[in-house]
Structures are given as C-alpha cells and as structure tokens.
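Peer 1: What follows is data27.cif; its format and atoms are mmCIF, C-alpha atoms.
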data_my_file
#
loop_
_atom_site.label_atom_id
_atom_site.label_comp_id
_atom_site.auth_asym_id
_atom_site.auth_seq_id
_atom_site.Cartn_x
_atom_site.Cartn_y
_atom_site.Cartn_z
CA MET Y 631 0.00 0.00 0.00
CA GLU Y 632 2.80 2.36 0.98
CA THR Y 633 4.85 1.37 -2.12
CA LEU Y 634 1.86 1.85 -4.37
CA GLN Y 635 1.26 5.33 -2.95
CA PHE Y 636 4.96 6.20 -3.41
CA LEU Y 637 4.85 5.06 -7.03
CA GLN Y 638 1.67 6.99 -7.58
CA ASP Y 639 3.19 10.18 -6.11
CA PHE Y 640 6.74 9.90 -7.51
CA GLY Y 641 6.47 7.41 -10.42
CA GLY Y 642 6.50 10.22 -12.98
CA LEU Y 643 9.65 11.66 -11.44
CA ILE Y 644 11.37 8.26 -11.51
CA VAL Y 645 10.47 7.84 -15.17
CA GLY Y 646 11.72 11.41 -15.77
CA VAL Y 647 15.09 10.62 -14.11
CA LEU Y 648 15.47 7.45 -16.23
CA LEU Y 649 14.63 9.35 -19.43
CA LEU Y 650 17.03 12.13 -18.43
CA ILE Y 651 19.82 9.60 -17.90
CA VAL Y 652 19.11 7.86 -21.23
CA ALA Y 653 18.86 11.21 -23.06
CA SER Y 654 22.06 12.50 -21.54
CA MET Y 655 23.89 9.32 -22.64
CA VAL Y 656 23.32 10.16 -26.28
CA LEU Y 657 24.52 13.74 -25.90
CA PRO Y 658 28.15 14.73 -26.46
CA GLY Y 659 30.59 15.35 -23.49
CA LYS Y 660 30.07 18.77 -21.84
CA VAL Y 661 26.47 19.16 -22.93
CA ARG Y 662 25.68 15.86 -21.25
CA VAL Y 663 26.81 17.23 -17.83
CA TYR Y 664 24.85 20.48 -18.29
CA VAL Y 665 21.66 18.71 -19.38
CA LEU Y 666 22.02 16.13 -16.63
CA THR Y 667 22.61 18.82 -13.98
CA ALA Y 668 19.75 21.01 -15.19
CA GLY Y 669 17.40 18.04 -15.51
CA LEU Y 670 18.23 16.75 -12.04
CA ALA Y 671 17.71 20.25 -10.63
CA VAL Y 672 14.26 20.46 -12.23
CA ILE Y 673 13.38 16.95 -11.04
CA ALA Y 674 14.67 17.72 -7.51
CA TYR Y 675 12.62 20.93 -7.45
CA GLU Y 676 9.55 19.04 -8.63
CA ALA Y 677 10.14 16.36 -5.94
CA TYR Y 678 10.50 19.06 -3.29
CA GLN Y 679 7.22 20.66 -4.48
CA ARG Y 680 5.39 17.34 -4.37
CA ILE Y 681 6.69 16.47 -0.88
CA THR Y 682 5.84 19.93 0.43
CA ASN Y 683 2.40 19.87 -1.19
CA LYS Y 684 1.72 16.39 0.17
CA LYS Y 685 2.53 17.58 3.71
CA ARG Y 686 0.32 20.64 3.21
CA MET Y 687 -2.50 18.44 1.92
CA GLN Y 688 -2.19 16.15 4.93
CA GLU Y 689 -2.30 19.17 7.27
CA ALA Y 690 -5.24 20.58 5.32
CA ASP Y 691 -7.02 17.20 5.57
CA ARG Y 692 -6.46 17.10 9.34
CA GLU Y 693 -7.73 20.68 9.63
CA ARG Y 694 -10.73 19.85 7.43
CA GLU Y 695 -11.58 16.84 9.59
CA ARG Y 696 -11.21 18.94 12.74
CA LEU Y 697 -13.42 21.65 11.26
CA GLN Y 698 -16.00 19.09 10.13
CA GLN Y 699 -16.08 17.66 13.62
CA ARG Y 700 -16.43 21.16 15.07
CA ALA Y 701 -19.16 21.93 12.53
CA GLY Y 702 -20.99 18.78 13.62
CA GLU Y 703 -20.68 19.80 17.26
CA LEU Y 704 -21.92 23.30 16.45
CA GLU Y 705 -24.80 21.92 14.42
CA GLN Y 706 -25.80 19.69 17.35
CA ARG Y 707 -25.51 22.65 19.73
CA GLY Y 708 -27.60 24.70 17.30
CA LYS Y 709 -30.31 22.03 17.34
CA GLU Y 710 -30.23 21.94 21.14
CA LEU Y 711 -30.48 25.73 21.32
CA ALA Y 712 -33.31 25.75 18.77
CA ALA Y 713 -35.21 23.23 20.90
CA LYS Y 714 -34.56 25.32 24.00
CA VAL Y 715 -35.74 28.47 22.21
CA GLU Y 716 -38.90 26.66 21.15
CA GLU Y 717 -39.47 25.51 24.73
CA LEU Y 718 -38.87 29.03 26.05
CA ASN Y 719 -41.24 30.47 23.42
CA LYS Y 720 -43.93 28.06 24.60
CA LYS Y 721 -43.33 29.13 28.20
CA LEU Y 722 -43.45 32.76 27.12
CA SER Y 723 -46.76 32.20 25.35
CA GLY Y 724 -48.15 30.56 28.47
CA MET Y 725 -46.89 33.38 30.64
CA GLN Y 726 -48.37 35.99 28.30
CA ALA Y 727 -51.73 34.20 28.42
CA GLU Y 728 -51.49 34.08 32.23
CA LYS Y 729 -50.59 37.78 32.29
CA GLU Y 730 -53.59 38.65 30.13
CA LYS Y 731 -55.82 36.62 32.44
CA LEU Y 732 -54.35 38.38 35.50
CA ASP Y 733 -54.75 41.77 33.79
CA GLN Y 734 -58.42 40.99 33.19
CA GLN Y 735 -58.82 39.94 36.82
CA ALA Y 736 -57.04 43.10 37.96
CA GLY Y 737 -59.37 45.19 35.79
CA ALA Y 738 -62.39 43.42 37.26
CA LEU Y 739 -61.03 43.93 40.78
CA ASN Y 740 -60.37 47.61 40.08
CA ALA Y 741 -63.92 48.03 38.79
CA ARG Y 742 -65.27 46.18 41.85
CA GLY Y 743 -63.06 48.35 44.07
CA ALA Y 744 -64.50 51.50 42.48
CA GLU Y 745 -68.04 50.16 43.01
CA LEU Y 746 -67.25 49.35 46.65
CA ALA Y 747 -65.75 52.83 47.16
CA LYS Y 748 -68.97 54.40 45.81
CA GLU Y 749 -71.04 52.10 48.03
CA LYS Y 750 -68.88 53.07 51.04
CA ASP Y 751 -69.37 56.78 50.30
CA ARG Y 752 -73.14 56.25 50.00
CA LEU Y 753 -73.25 54.29 53.26
CA GLU Y 754 -71.20 56.97 55.03
CA ARG Y 755 -73.63 59.68 53.86
CA GLU Y 756 -76.59 57.58 54.98
CA THR Y 757 -74.87 56.90 58.33
CA GLU Y 758 -74.26 60.63 58.81
CA ALA Y 759 -77.90 61.34 58.00
CA VAL Y 760 -79.08 58.65 60.45
CA LEU Y 761 -76.69 59.96 63.15
CA LYS Y 762 -78.01 63.47 62.53
CA ASN Y 763 -81.58 62.17 62.86
CA ILE Y 764 -80.62 60.28 66.01
CA HIS Y 765 -78.98 63.41 67.42
CA ASN Y 766 -82.09 65.43 66.55
CA GLY Y 767 -84.24 62.66 67.99
CA GLU Y 768 -82.21 62.64 71.23
CA GLY Y 769 -82.70 66.38 71.48
CA ALA Y 770 -86.45 65.92 70.99
CA LEU Y 771 -86.49 63.09 73.55
CA ALA Y 772 -84.67 65.28 76.02
CA LEU Y 773 -87.21 68.05 75.42
CA ILE Y 774 -90.07 65.57 75.92
CA GLU Y 775 -88.46 64.33 79.14
CA GLU Y 776 -88.13 67.88 80.38
CA THR Y 777 -91.72 68.49 79.48
CA ARG Y 778 -92.82 65.37 81.35
CA ALA Y 779 -90.71 66.31 84.30
CA ALA Y 780 -92.29 69.76 84.28
CA PHE Y 781 -95.77 68.19 84.13
CA ARG Y 782 -94.98 65.98 87.06
CA GLU Y 783 -93.86 68.91 89.04
CA LEU Y 784 -97.03 70.71 88.20
CA GLU Y 785 -99.22 67.91 89.23
#
Would you give me this structure, written as structure tokens?

Peer 2:
Amino acid sequence: METLQFLQDFGGLIVGVLLLIVASMVLPGKVRVYVLTAGLAVIAYEAYQRITNKKRMQEADRERERLQQRAGELEQRGKELAAKVEELNKKLSGMQAEKEKLDQQAGALNARGAELAKEKDRLERETEAVLKNIHNGEGALALIEETRAAFRELE
C-alpha cells in the first residue's frame, strides 16, 4: 500500500530521471553534464514541491476533519439551542396568556373596588344622615323628658 502510494506520487519523477539519464547518454561530453545537472535540478525541485504539497495536503485534511467535527458539534448545539428556544417560546406564550388573564382579573377587581368605594361613600352619607336624625331625635327626647318632668312637678 505504501509502495503503491509512493509510485503513484513519484512514479513520474522516476520515469523522468530514467529518461534524463538515457537522453544524456546520447549527448556529447560537456552538454551531457549540463543537461544532466539542469534536468536533475528540475526533477529535484519538482520532488520538493510534491513532498511539500503532500505535507500541506495532509495538514489541510487534518484541519478539514477537525473543522467538520467542530461543525458537527456546532450543528448539534444549534439544534439543542433551537429546541430550548422553542421551549422558552412556549413558556413565554403561556406566561403571556397568564398575564392577560391576570390583567383581566385586575381590571375586574379595580372596577369592583371602584363600586365598593362608591357604596362606602353612600353608606357613610346615609350613616351621617341617620346619626343626625338620632342626634335630633335625642334632642327631641330630652325636650319631651323635660316636658314630662315639668308636668310631674305641676301635678
């Protein structure tokens, strides 16, 4: 598996080195060295690029996997929060309904309180009138008593 991956990644470079060697064999003296040196430099640079890119791809793959895992966690947390928001919205709706009910009861109690205050004022006026009549009646009773007492003295 490892050998197959190596051949897949660097097989082209190996073939390139073999072709470079064969091609440089047919070239005359000094040119052969220049072509071989230049070709090996290009192949070495290409190998360096492939190795570096492979490492970067592996790091990128690890980062992608980490980010996918984090995205999954965040998605799960989002679902949990959405469920909690829905639950809280239901509670809020219930509380708003309860508040409306209590507001209606408070309005009814305020109206009843106003009626009772009017009734209290009426009863206080009536009580004052009755007390006034009683006071007047006591005065009349006292006058009658005096009159009776005077009659008894006269008799």

Peer 1: Measure the distance from CA of Glu730 (chain Y) to CA of Ala713 (chain Y) in Å and round it to one decimal.

Peer 2: 25.7 Å

Peer 1: For the atom pair CA of Gly669 (chain Y) and CA of Gly646 (chain Y), what is the interatomic distance in Å to one decimal place?

Peer 2: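 If I compute the distance from CA of Gly669 (chain Y) to CA of Gly646 (chain Y), I get 8.7 Å.
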
Peer 1: Selected by the PyMOL selection byres ((chain Y and resi 643) around 12) in the shown coordinates: which residues, as a VMD selection string?

Peer 2: chain Y and resid 636 to 642 644 to 650 669 to 681

Peer 1: Just how far from CA of Glu728 (chain Y) is CA of Arg742 (chain Y), in Å to one decimal?

Peer 2: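 CA of Glu728 (chain Y) lies 20.7 Å from CA of Arg742 (chain Y).
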